[in-house]
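Chemist: Quick one: this structure, given as structure tokens, is what I'll be asking you about.
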Amino acid sequence: MDVDQTRYLDAAKEAVKREAFNMQRCLDKSQLMDGLRHATEMLNELRTSILTPKNYYELYMMVTMELTHLNMYMSGEFIKENKIADLYELVQHAGNILPRLYLLITVGVVYIKSEECSRKDILQDLVEMCRGVQHPLRGLFLRNFLLTSTRDVLPDDDTQTADGGTIDDSINFILLNFCEMNKLWVRMQHQGHTRDKAKREQERLELKLLVGTNLERLSRLEGVTVERYEKQILPAVLKQLVNCKDSIAQEYLMDCIIQVFPDEFHLRTLENTFLDTCCQPQSQVNVRNIIISIIGRLSNFAQADPSNIPEDIKLFDIFSVKVTQIIQSRTEMPPEDILVLQSALIKLALNVYPAETGYVNQVLQNTLNIFQTEEGRAKGCSNELGKLLRVPVDHYQDILTVLELDAYPKLFSFLDLNTRKDLCVYIAEHIIETGTLIYSHDQVDLLLTMIECLVADAPDQPSNQIEDPEDFECEQALVGRLVHQMTSQVPDQQFLILNTCKKHLIAGGDKRIQFTLPSLIFRAIHLCRVYHDLREEDEKWEKKVTKILQYINSLLSALVKAEYWDLSLRLYLQASLVCDAMGISNAETVGYEFMSHAFAIYEEEVSDSKAQLIAISLIVATFERTINFSEENHEPLRSQCFRAGSKLLKKPDQCRAVSLCSHLYWSGKNREGAGEPLRNATKVLECLKKAVRISNQCMEPTVQVQLFVELLNKYIYFLGTGCEEVSESVLSQLVGKIHEDMPGLESGDITKQIVKHFETTLRFIESRHQLTF
Amino acid sequence: MVLVLVIGDMHIPYRSDSIPPKFRKLLVPGKIQHILCTGNLCLRETHDYLKSISSDVHIVRGDFDLNTSYPEQKVVTVGQFKIGLIHGHQVVPWGDNDAIAAVRRQLDVDVMVSGHTHKLEAYEKDGKFYINPGSVTGAYSPMERNPVPAFILMDIQSSTLVTYVYSLPPDGEMEVKKIEFKKGDREE
């Protein structure tokens with residue numbers, strides 16, 4: 001097919017070139033009649049029905065270019081000696097209608113310029129006569145020729161010359177041309193077989209500019225005022241569009257109107273003419289893109305300069321009402337279209353009326369109403385709705401404004417679970433990234449209710465869904481992180497926030513609380529410190545701290561119940577530290593409770609021996625830091641540590657745990673000491689002696705020696721911090737033992753390390769304590 | 001020039017929500033050869049974040065790291081320096097310099113890195129170097145009121161170690177301090 005097209009086109013172009021050449025030669029010799037004959041031959045090529053629009057255009061351009069030579073001849077040489085009126089008469093006798101009309105237009109323009117005629121009449125004549133060509137493709141190009149040729153001769157003002165014509169006549173001229181062109185264009189839709197429909201529509205789209213140029217030409221007329229636009233132009237154009245019932249024409253030309261005419265015109269005609277027409281339900285127009293286009297344009301106009309919009313034009317209200325009408329009247333409108341329209345409205349509100357959060361809420365409320373009242377309208381809208389709901393989040397940098405939109409969270413129920421989750425994750429990440437603080441418990445409540453599907457199991461969650469544990473961890477860690485953004489500088493308010501969070505997060509169930517409750521616990525711990533700092537100013541601080549400690553306890557109980565042993569043990573220890581920091585007897589009692597819980601978990605639930613050593617070491621290390629336990633409580637805890645350490649299964653572990661306990665008697669503090677460490681040298685040495693005894697019971701020589709060296713370092717440590725009871729003889733004994741056993745060790749890396757450690761230790765003792773062994 | 005990032009005690013999500021944006025901007029992939037992390041990440045996502053900055057990541061176990069595959073302590077050699085790494089909750093009393101020194105002796109290292117206290121430190125003692133990168137998120141610590149978010153970058157060139165101590169005080173302006181350490185022959 002294409003080969004034929006090319007061949008045909010080439011042949012046509014050859015013919016045109018030939019006739020044009022001949023025409024020019026005749027004109028050079030002032031042989032007008034012959035020239036016209038060649039011109040006619042040339043124009044006959046445009047009578048073809050074979051060429052595609054693209055190819056026809058190419059041919060048309062070539063031909064019309066040659067016609068300019070004819071025009072020049074007529075305007076120049078010819079007119080000097082002849083009457084153009086006669087020529088105008090003459091060309092009407094050309095054989096075929098198409099060449100006749102092209103020639104007529106060419107002559108007509110010259111005629112008009114010569115001012116020997118009624119401009120108005122000639123123009124009227126030409127635009128009417130073009131009706132003679134009813135073939136869509138040929139007619140369109142012909143009328144395009146008419147439009148472009150008359151570019152400079154259309155009257156453009158009000159001055160009423162005798163037959164000159166006024167701007168109104170020009171408007172009518174162009175409108176008529178436009179209407180006829182549109183009819184031809186629409187007719188193309190119905191030509192040919194149904195199977196070629198797609199191809200035809202494609203061809204139509206290639207030609208759309210021809211029709212649109214009329215509107216563009218209208219907009220260029222200087223005399224077109226807003227009144228003329230409103231009263232003459234727009235109604236006529238819209239009437240044509242509605243009556244033609246062709247969606248391609250309607251969509252393209254509506255958009256054309258929006259683009260070529262100034263925004264002031266649109267504002268004036270918006271409510272009554274433009275939108276009304278769009279919205280006539282029987283027109284199958286895809287109003288979606290048109291509405292979005294006009295909203296976008298006027299939005300930009302308003303943003304460029306707010307004073308552009310007159311006071312009495314309530315842009316948002318107008319569009320809001322109209323869009324609602326459209327949606328309600330077109331019951332087949334798919335949800336994506338509804339949502340895209342609503343999205344455009346929201347953007348209008350956000351960009352042009354940023355202070356009016358009520359507008360945004362209104363749009364959301366309207367959407368909600370539509371989805372709620374009309375069953376099935378929301379089907380399949382998840383993606384688009386998800387996009388819509390992100391718009392306010394992105395625009396309002398802080399989520400707090402979004403929380404004020406009461407219709408916003410209600411729309412979540414129309415999202416499918418995955419989209420809902422994605423949106424909640426998006427919101428949570430947004431809060432963290434922007435560093436937004438949620439500072440009142442009401443806002444916290446709203447937020448956590450809104451992102452419910454992250455915080456707890458959703459009712460529409462399939463029960464057999466297998467979640468990827470890594471993804472789940474990530475998701476819940478996000479919630480845990482979000483907790484830190486829910487904070488108030490006012491302590492009492494912060495406590496309310498903590499309570500609200502607890503309510504929501506507990507509902508998350510066992511699988512979630514391991515990730516979410518620790519954050520709450522630490523925030524509560526921090527709050528205790530805050531109240532303690534402010535104790536001079538708040539006489540109720542002790543009561544409040546007690547309440548917080550109860551709160552912490554309840555959270556810890558939940559974790560224990562869910563059997564998170566390692567986690568809760570560590571959290572009990574941290575909680576006991578903060579109790580200790582409060583320095584009041586209520587807190588001491590609770591702190592003792594917490595330590596007991598830690599021990600209980602240790603004894604009952606930590607069964608792995610490696611984990612046991614780690615756990616008891618942590619308990620000892622934590623307890624060592626406390627300063628406010630009264631001796632009544634301190635003593636049992638010390639003993640408990642020692643007992644637990646000496647009951648570990650493996651000897652080396654026992655040795656290390658017991659030696660750690662030595663610190664409790666040295667740098668540990670109780671209430672009675674009033675800040676002074678216990679410095680109980682006797683007990684310290686007892687511990688270390690016991691540790692040495694346990695080492696002696698180790699089977700492995702390497703391990704034994706390693707432990708001895710470690711214990712040697714412990715002795716040195718205490719000596720270094722003022723424990724004079726660490727005598728030279730104790731040290732010398734231990735050193736001697738090591739010297740004795742060392743040669744017998746198996747050679748290897750570990751032995752090398754132990755030897756090195758020993759040597760370094762001896763050197764240290766020498767330099768620090770001036771003792772040589 | 002070998003860059004070593006010393007960082008830790010993020011405590012995400014338990015005590016903090018994220019590493020400060022100003023720090024994240026500096027920690028770009030491809031510039032740092034090694035990472036020494038003192039622990040208490042606490043979850044996998046922070047581990048992944050560290051791995052995105054450098055392919056050689058060394059992590060020791062903090063008291064709130066529930067990942068049992070992290071070792072309690074580690075020794076890493078970079079250039080001429082042997083560097084010891086431990087979280088520090090195991091060292092009793094917490095934050096005691098003599099106790100940390102004992103660990104250094106045991107590991108036999110030139111540089112001892114520890115965390116846990118959330119107290120930013122870099123000092124020389126008896127010819128050896130001690131580093132605590134603090135908490136990169138400025139997370140809560142029972143031992144340090146209002147910790148300042150911080151981390152440390154070491155630049156190791158033959159026998160010289162230059163430490164850049166980055167911190168974010170409350171007024172928001174990032175501070176960088178430079179400390180140089182030369183590996184001497186002086187033994188204790």
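Identifiers in this document derive from the order of the structure tokens: chains are assigned A, B, ..., residues are numbered from 1 separately in each chain, and ligands are numbered from 1 in order of occurrence.
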Could you give me, as a ChimeraX atom specification, the residues within 10 Å of A:Arg512, counting only C-alpha atoms and dropping anything in the same chain fewer than 6 positions from it?
Modeler: /A:454-457,472-473,475-477,479-480,505-506
Chemist: Next, write the just-selected residues to a file, as an mmCIF file, in the first residue's frame, keeping all heavy atoms as the atom set.
Modeler:
```
data_model
loop_
_atom_site.group_PDB
_atom_site.id
_atom_site.type_symbol
_atom_site.label_atom_id
_atom_site.label_comp_id
_atom_site.auth_asym_id
_atom_site.auth_seq_id
_atom_site.Cartn_x
_atom_site.Cartn_y
_atom_site.Cartn_z
ATOM 1 N N LEU A 454 -1.751 -0.835 59.813
ATOM 2 C CA LEU A 454 -0.352 -1.128 60.136
ATOM 3 C C LEU A 454 -0.229 -1.582 61.579
ATOM 4 O O LEU A 454 0.611 -2.397 61.938
ATOM 5 C CB LEU A 454 0.508 0.138 60.010
ATOM 6 C CG LEU A 454 1.037 0.544 58.649
ATOM 7 C CD1 LEU A 454 2.014 1.702 58.839
ATOM 8 C CD2 LEU A 454 1.762 -0.608 57.993
ATOM 9 N N VAL A 455 -1.087 -0.978 62.406
ATOM 10 C CA VAL A 455 -0.936 -1.127 63.838
ATOM 11 C C VAL A 455 -1.550 -2.422 64.361
ATOM 12 O O VAL A 455 -1.112 -2.970 65.361
ATOM 13 C CB VAL A 455 -1.564 0.120 64.507
ATOM 14 C CG1 VAL A 455 -1.838 -0.104 65.955
ATOM 15 C CG2 VAL A 455 -0.678 1.321 64.308
ATOM 16 N N ALA A 456 -2.568 -2.888 63.661
ATOM 17 C CA ALA A 456 -3.232 -4.118 64.119
ATOM 18 C C ALA A 456 -3.737 -4.886 62.909
ATOM 19 O O ALA A 456 -3.742 -4.366 61.801
ATOM 20 C CB ALA A 456 -4.380 -3.755 65.055
ATOM 21 N N ASP A 457 -4.176 -6.091 63.149
ATOM 22 C CA ASP A 457 -4.733 -6.883 62.044
ATOM 23 C C ASP A 457 -5.994 -6.218 61.521
ATOM 24 O O ASP A 457 -6.845 -5.806 62.280
ATOM 25 C CB ASP A 457 -5.084 -8.298 62.525
ATOM 26 C CG ASP A 457 -3.835 -9.159 62.657
ATOM 27 O OD1 ASP A 457 -2.795 -8.791 62.068
ATOM 28 O OD2 ASP A 457 -3.910 -10.183 63.355
ATOM 29 N N PHE A 472 7.663 -7.788 57.368
ATOM 30 C CA PHE A 472 6.844 -7.502 58.537
ATOM 31 C C PHE A 472 7.676 -6.752 59.581
ATOM 32 O O PHE A 472 7.217 -5.776 60.167
ATOM 33 C CB PHE A 472 6.298 -8.805 59.124
ATOM 34 C CG PHE A 472 5.360 -8.603 60.268
ATOM 35 C CD1 PHE A 472 4.093 -8.091 60.053
ATOM 36 C CD2 PHE A 472 5.739 -8.895 61.567
ATOM 37 C CE1 PHE A 472 3.215 -7.884 61.111
ATOM 38 C CE2 PHE A 472 4.877 -8.692 62.628
ATOM 39 C CZ PHE A 472 3.608 -8.187 62.396
ATOM 40 N N GLU A 473 8.905 -7.222 59.771
ATOM 41 C CA GLU A 473 9.775 -6.549 60.745
ATOM 42 C C GLU A 473 9.999 -5.094 60.379
ATOM 43 O O GLU A 473 9.920 -4.193 61.214
ATOM 44 C CB GLU A 473 11.119 -7.283 60.830
ATOM 45 C CG GLU A 473 12.069 -6.697 61.865
ATOM 46 C CD GLU A 473 13.415 -7.398 61.883
ATOM 47 O OE1 GLU A 473 13.448 -8.583 62.232
ATOM 48 O OE2 GLU A 473 14.429 -6.741 61.566
ATOM 49 N N GLU A 475 8.090 -3.241 58.560
ATOM 50 C CA GLU A 475 6.838 -2.500 58.692
ATOM 51 C C GLU A 475 6.590 -2.129 60.137
ATOM 52 O O GLU A 475 6.249 -0.990 60.463
ATOM 53 C CB GLU A 475 5.721 -3.383 58.156
ATOM 54 C CG GLU A 475 4.346 -2.781 58.152
ATOM 55 C CD GLU A 475 3.301 -3.855 57.872
ATOM 56 O OE1 GLU A 475 3.145 -4.208 56.697
ATOM 57 O OE2 GLU A 475 2.677 -4.332 58.841
ATOM 58 N N GLN A 476 6.801 -3.083 61.037
ATOM 59 C CA GLN A 476 6.532 -2.799 62.437
ATOM 60 C C GLN A 476 7.601 -1.915 63.042
ATOM 61 O O GLN A 476 7.337 -1.129 63.957
ATOM 62 C CB GLN A 476 6.407 -4.119 63.220
ATOM 63 C CG GLN A 476 5.158 -4.889 62.855
ATOM 64 C CD GLN A 476 3.917 -4.012 62.928
ATOM 65 O OE1 GLN A 476 3.647 -3.384 63.938
ATOM 66 N NE2 GLN A 476 3.173 -3.936 61.831
ATOM 67 N N ALA A 477 8.831 -2.049 62.550
ATOM 68 C CA ALA A 477 9.888 -1.147 63.014
ATOM 69 C C ALA A 477 9.500 0.289 62.675
ATOM 70 O O ALA A 477 9.802 1.224 63.422
ATOM 71 C CB ALA A 477 11.215 -1.512 62.368
ATOM 72 N N VAL A 479 6.512 1.487 62.652
ATOM 73 C CA VAL A 479 5.569 1.939 63.676
ATOM 74 C C VAL A 479 6.333 2.298 64.945
ATOM 75 O O VAL A 479 6.085 3.331 65.577
ATOM 76 C CB VAL A 479 4.505 0.855 63.971
ATOM 77 C CG1 VAL A 479 3.553 1.326 65.054
ATOM 78 C CG2 VAL A 479 3.738 0.510 62.717
ATOM 79 N N GLY A 480 7.305 1.437 65.295
ATOM 80 C CA GLY A 480 8.124 1.702 66.478
ATOM 81 C C GLY A 480 8.851 3.028 66.368
ATOM 82 O O GLY A 480 8.962 3.787 67.333
ATOM 83 N N LEU A 505 -1.448 0.279 70.308
ATOM 84 C CA LEU A 505 -0.385 -0.667 69.974
ATOM 85 C C LEU A 505 -0.595 -2.025 70.612
ATOM 86 O O LEU A 505 -0.219 -3.058 70.063
ATOM 87 C CB LEU A 505 0.980 -0.098 70.370
ATOM 88 C CG LEU A 505 1.382 1.156 69.602
ATOM 89 C CD1 LEU A 505 2.763 1.634 70.018
ATOM 90 C CD2 LEU A 505 1.378 0.900 68.100
ATOM 91 N N ILE A 506 -1.205 -2.055 71.783
ATOM 92 C CA ILE A 506 -1.504 -3.340 72.429
ATOM 93 C C ILE A 506 -2.420 -4.155 71.524
ATOM 94 O O ILE A 506 -2.294 -5.378 71.429
ATOM 95 C CB ILE A 506 -2.152 -3.119 73.810
ATOM 96 C CG1 ILE A 506 -1.108 -2.630 74.813
ATOM 97 C CG2 ILE A 506 -2.809 -4.390 74.294
ATOM 98 C CD1 ILE A 506 -0.307 -3.722 75.476
#
```
Chemist: Extract, using only C-alpha atoms, all DNA, RNA and protein residues at most 9 Å from A:Ile326, discarding same-chain residues fewer than 5 positions from it, and format them as a PyMOL selection string.
Modeler: chain A and resi 278-281+287+321
Chemist: For each of B:Arg44, B:Lys22, B:Lys51, B:Lys128, take the minimum atom-to-atom distance to chain A, counting only C-alpha atoms, then give the residue where this is smallest.
Modeler: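 Closest candidate: B:Arg44.
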Chemist: Looking at only C-alpha atoms, which of B:Leu36, B:Ala122, B:Val78, B:Cys42 is the one that sits closest to chain A?
Modeler: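 Distance minimum relative to chain A lands on B:Cys42.
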Chemist: Please tabulate, as a tab-separated table, the residues of chain A that come within 6 Å of chain B, each with its closest pair of atoms and the distance in Å to one decimal, counting only C-alpha atoms and ordering rows by chain, then residue number upward.
Modeler:
```
residue	atom	partner	partner_atom	distance
A:Ala477	CA	B:Pro13	CA	5.8
A:Gly480	CA	B:Pro13	CA	5.4
A:Arg481	CA	B:Asp17	CA	4.2
A:Pro518	CA	B:Tyr14	CA	5.3
A:Ser519	CA	B:Tyr14	CA	4.3
A:Ala621	CA	B:Val92	CA	5.7
A:His757	CA	B:Gln106	CA	5.4
A:Phe764	CA	B:Glu188	CA	5.6
```
Chemist: Which residues are close to A:Glu588, i.e. within 9 Å by only C-alpha atoms, leaving aside same-chain residues fewer than 3 positions away? Reply as a PyMOL selection string.
Modeler: chain A and resi 576+579-580+582-585+591-593+628-630+633
Chemist: Quick one: DSSP alpha helix (DSSP H) residues in stretch 6-111 of chain B, as a list of chain:residue names?
Modeler: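 Listing alpha helix (DSSP H) positions across stretch 6-111 of chain B yields B:Pro21, B:Lys22, B:Phe23, B:Arg24, B:Lys25, B:Leu26, B:Arg44, B:Glu45, B:Thr46, B:His47, B:Asp48, B:Tyr49, B:Leu50, B:Lys51, B:Ser52, B:Ile53, B:Asn97, B:Asp98, B:Ala99, B:Ile100, B:Ala101, B:Ala102, B:Val103, B:Arg104, B:Arg105, B:Gln106, B:Leu107.
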Chemist: Keeping only N, CA, C and O atoms, write the selected residues to a file as a JSON list (two decimals), in the first residue's frame.
Modeler:
```json
[["chain", "number", "residue", "atom", "x", "y", "z"],
["B", 21, "PRO", "N", 19.48, 13.35, 59.38],
["B", 21, "PRO", "CA", 19.65, 13.58, 57.94],
["B", 21, "PRO", "C", 21.02, 14.17, 57.60],
["B", 21, "PRO", "O", 21.62, 13.79, 56.59],
["B", 22, "LYS", "N", 21.51, 15.08, 58.45],
["B", 22, "LYS", "CA", 22.80, 15.71, 58.15],
["B", 22, "LYS", "C", 23.91, 14.67, 58.12],
["B", 22, "LYS", "O", 24.84, 14.78, 57.34],
["B", 23, "PHE", "N", 23.80, 13.66, 58.97],
["B", 23, "PHE", "CA", 24.80, 12.60, 58.96],
["B", 23, "PHE", "C", 24.62, 11.71, 57.75],
["B", 23, "PHE", "O", 25.58, 11.31, 57.09],
["B", 24, "ARG", "N", 23.35, 11.39, 57.45],
["B", 24, "ARG", "CA", 23.10, 10.48, 56.33],
["B", 24, "ARG", "C", 23.64, 11.05, 55.03],
["B", 24, "ARG", "O", 24.09, 10.33, 54.14],
["B", 25, "LYS", "N", 23.60, 12.38, 54.94],
["B", 25, "LYS", "CA", 24.11, 13.02, 53.71],
["B", 25, "LYS", "C", 25.61, 12.77, 53.57],
["B", 25, "LYS", "O", 26.13, 12.67, 52.47],
["B", 26, "LEU", "N", 26.32, 12.70, 54.70],
["B", 26, "LEU", "CA", 27.77, 12.51, 54.63],
["B", 26, "LEU", "C", 28.13, 11.06, 54.36],
["B", 26, "LEU", "O", 29.15, 10.77, 53.75],
["B", 44, "ARG", "N", 17.58, -5.55, 61.74],
["B", 44, "ARG", "CA", 18.28, -5.84, 60.48],
["B", 44, "ARG", "C", 18.36, -4.66, 59.55],
["B", 44, "ARG", "O", 19.31, -4.52, 58.79],
["B", 45, "GLU", "N", 17.35, -3.78, 59.57],
["B", 45, "GLU", "CA", 17.34, -2.71, 58.56],
["B", 45, "GLU", "C", 18.53, -1.76, 58.74],
["B", 45, "GLU", "O", 19.06, -1.21, 57.77],
["B", 46, "THR", "N", 18.98, -1.58, 60.01],
["B", 46, "THR", "CA", 20.14, -0.73, 60.24],
["B", 46, "THR", "C", 21.40, -1.43, 59.75],
["B", 46, "THR", "O", 22.31, -0.80, 59.22],
["B", 47, "HIS", "N", 21.44, -2.77, 59.95],
["B", 47, "HIS", "CA", 22.57, -3.54, 59.43],
["B", 47, "HIS", "C", 22.66, -3.40, 57.91],
["B", 47, "HIS", "O", 23.73, -3.15, 57.34],
["B", 48, "ASP", "N", 21.51, -3.47, 57.25],
["B", 48, "ASP", "CA", 21.47, -3.31, 55.79],
["B", 48, "ASP", "C", 21.95, -1.92, 55.39],
["B", 48, "ASP", "O", 22.66, -1.74, 54.40],
["B", 49, "TYR", "N", 21.54, -0.94, 56.18],
["B", 49, "TYR", "CA", 21.97, 0.44, 55.88],
["B", 49, "TYR", "C", 23.49, 0.54, 55.94],
["B", 49, "TYR", "O", 24.12, 1.12, 55.05],
["B", 50, "LEU", "N", 24.10, -0.06, 56.97],
["B", 50, "LEU", "CA", 25.56, -0.01, 57.07],
["B", 50, "LEU", "C", 26.21, -0.72, 55.89],
["B", 50, "LEU", "O", 27.20, -0.24, 55.33],
["B", 51, "LYS", "N", 25.62, -1.85, 55.51],
["B", 51, "LYS", "CA", 26.19, -2.60, 54.38],
["B", 51, "LYS", "C", 26.11, -1.80, 53.09],
["B", 51, "LYS", "O", 26.92, -2.00, 52.18],
["B", 52, "SER", "N", 25.15, -0.88, 53.01],
["B", 52, "SER", "CA", 25.03, -0.08, 51.78],
["B", 52, "SER", "C", 26.12, 0.98, 51.72],
["B", 52, "SER", "O", 26.45, 1.49, 50.66],
["B", 53, "ILE", "N", 26.69, 1.32, 52.88],
["B", 53, "ILE", "CA", 27.73, 2.35, 52.89],
["B", 53, "ILE", "C", 29.09, 1.74, 52.55],
["B", 53, "ILE", "O", 29.90, 2.34, 51.85],
["B", 97, "ASN", "N", 37.36, 3.78, 82.66],
["B", 97, "ASN", "CA", 38.50, 3.73, 81.74],
["B", 97, "ASN", "C", 39.49, 2.63, 82.07],
["B", 97, "ASN", "O", 40.08, 2.01, 81.17],
["B", 98, "ASP", "N", 39.71, 2.37, 83.36],
["B", 98, "ASP", "CA", 40.66, 1.31, 83.73],
["B", 98, "ASP", "C", 40.13, -0.04, 83.30],
["B", 98, "ASP", "O", 40.90, -0.91, 82.87],
["B", 99, "ALA", "N", 38.83, -0.22, 83.45],
["B", 99, "ALA", "CA", 38.25, -1.50, 83.06],
["B", 99, "ALA", "C", 38.37, -1.69, 81.55],
["B", 99, "ALA", "O", 38.66, -2.79, 81.07],
["B", 100, "ILE", "N", 38.16, -0.63, 80.79],
["B", 100, "ILE", "CA", 38.30, -0.71, 79.33],
["B", 100, "ILE", "C", 39.76, -0.99, 78.97],
["B", 100, "ILE", "O", 40.05, -1.76, 78.05],
["B", 101, "ALA", "N", 40.65, -0.38, 79.73],
["B", 101, "ALA", "CA", 42.08, -0.60, 79.46],
["B", 101, "ALA", "C", 42.42, -2.07, 79.64],
["B", 101, "ALA", "O", 43.26, -2.62, 78.91],
["B", 102, "ALA", "N", 41.79, -2.71, 80.63],
["B", 102, "ALA", "CA", 42.05, -4.13, 80.85],
["B", 102, "ALA", "C", 41.61, -4.94, 79.63],
["B", 102, "ALA", "O", 42.27, -5.91, 79.25],
["B", 103, "VAL", "N", 40.51, -4.56, 79.03],
["B", 103, "VAL", "CA", 40.04, -5.26, 77.82],
["B", 103, "VAL", "C", 41.06, -5.07, 76.70],
["B", 103, "VAL", "O", 41.36, -5.99, 75.93],
["B", 104, "ARG", "N", 41.57, -3.85, 76.61],
["B", 104, "ARG", "CA", 42.57, -3.56, 75.56],
["B", 104, "ARG", "C", 43.79, -4.47, 75.71],
["B", 104, "ARG", "O", 44.32, -5.00, 74.74],
["B", 105, "ARG", "N", 44.21, -4.63, 76.98],
["B", 105, "ARG", "CA", 45.37, -5.49, 77.22],
["B", 105, "ARG", "C", 45.07, -6.92, 76.77],
["B", 105, "ARG", "O", 45.89, -7.57, 76.16],
["B", 106, "GLN", "N", 43.86, -7.35, 77.11],
["B", 106, "GLN", "CA", 43.51, -8.73, 76.79],
["B", 106, "GLN", "C", 43.49, -8.95, 75.28],
["B", 106, "GLN", "O", 43.95, -9.95, 74.77],
["B", 107, "LEU", "N", 42.92, -7.99, 74.54],
["B", 107, "LEU", "CA", 42.83, -8.14, 73.09],
["B", 107, "LEU", "C", 44.15, -7.78, 72.39],
["B", 107, "LEU", "O", 44.34, -8.08, 71.22]]
```
Chemist: Which distance in Å separates atom CA of A:Lys29 and atom CA of A:Asn71, to one decimal?
Modeler: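 Between atom CA of A:Lys29 and atom CA of A:Asn71 the gap is 15.6 Å.
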Chemist: At what distance in Å, to one decimal, does atom CA of A:Ala524 lie from atom CA of A:Thr500?
Modeler: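 That distance, rounded to one decimal, is 12.6 Å.
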Chemist: Which value, in Å to one decimal, gives the distance between atom CA of A:Met23 and atom CA of A:Asp152?
Modeler: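 Atom-to-atom, atom CA of A:Met23 and atom CA of A:Asp152 are spaced 25.6 Å apart.
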Chemist: For B:His87, work out the shell of residues within 10 Å, counting only C-alpha atoms and skipping chain neighbours fewer than 6 positions away, then give it as number ranges by chain.
Modeler: B: 8-9, 37-40, 59-63, 71-74, 113-117, 132
Chemist: I need the residues from that last selection saved to file as a short mmCIF file (atom, residue, chain, number, x, y, z; two decimals), in the first residue's frame (with N, CA and C atoms), if you can.
Modeler:
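So the final result, stored in selection-v6.cif, reads:
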```
data_model
loop_
_atom_site.label_atom_id
_atom_site.label_comp_id
_atom_site.auth_asym_id
_atom_site.auth_seq_id
_atom_site.Cartn_x
_atom_site.Cartn_y
_atom_site.Cartn_z
N GLY B 8 27.82 3.63 66.18
CA GLY B 8 27.05 2.63 66.92
C GLY B 8 25.96 3.23 67.78
N ASP B 9 25.33 2.33 68.56
CA ASP B 9 24.26 2.70 69.49
C ASP B 9 23.16 3.49 68.81
N CYS B 37 31.26 -1.18 63.98
CA CYS B 37 30.04 -0.78 64.66
C CYS B 37 30.00 -1.33 66.06
N THR B 38 29.79 -0.45 67.05
CA THR B 38 29.85 -0.89 68.44
C THR B 38 28.60 -1.66 68.86
N GLY B 39 27.55 -1.68 68.04
CA GLY B 39 26.39 -2.51 68.36
C GLY B 39 25.16 -1.71 68.73
N ASN B 40 24.11 -2.43 69.21
CA ASN B 40 22.81 -1.85 69.52
C ASN B 40 22.22 -1.13 68.32
N ILE B 59 30.47 -5.83 63.12
CA ILE B 59 29.52 -5.44 64.16
C ILE B 59 29.72 -6.34 65.37
N VAL B 60 29.73 -5.74 66.57
CA VAL B 60 29.75 -6.55 67.78
C VAL B 60 28.40 -6.39 68.47
N ARG B 61 28.11 -7.36 69.33
CA ARG B 61 26.76 -7.44 69.87
C ARG B 61 26.55 -6.50 71.05
N GLY B 62 25.52 -5.67 70.93
CA GLY B 62 25.12 -4.80 72.03
C GLY B 62 24.09 -5.49 72.89
N ASP B 63 23.75 -4.89 74.05
CA ASP B 63 22.82 -5.57 74.95
C ASP B 63 21.42 -5.64 74.37
N PRO B 71 29.43 -11.27 67.22
CA PRO B 71 30.32 -11.68 68.31
C PRO B 71 30.30 -10.67 69.46
N GLU B 72 30.75 -11.15 70.64
CA GLU B 72 30.81 -10.24 71.80
C GLU B 72 31.93 -9.23 71.63
N GLN B 73 33.01 -9.67 70.95
CA GLN B 73 34.11 -8.73 70.72
C GLN B 73 34.85 -9.15 69.45
N LYS B 74 35.66 -8.20 68.93
CA LYS B 74 36.32 -8.50 67.67
C LYS B 74 37.62 -7.72 67.57
N VAL B 113 38.05 0.32 70.68
CA VAL B 113 36.78 0.99 70.39
C VAL B 113 35.68 0.38 71.25
N SER B 114 34.95 1.20 71.96
CA SER B 114 33.81 0.70 72.72
C SER B 114 32.68 1.72 72.68
N GLY B 115 31.48 1.28 73.04
CA GLY B 115 30.33 2.19 73.01
C GLY B 115 29.57 2.12 74.30
N HIS B 116 28.28 1.99 74.20
CA HIS B 116 27.35 1.76 75.30
C HIS B 116 27.05 2.99 76.15
N THR B 117 28.05 3.82 76.45
CA THR B 117 27.80 4.95 77.33
C THR B 117 27.13 6.12 76.61
N ASN B 132 35.33 6.17 71.68
CA ASN B 132 33.91 5.85 71.86
C ASN B 132 33.14 6.76 70.92
#
```
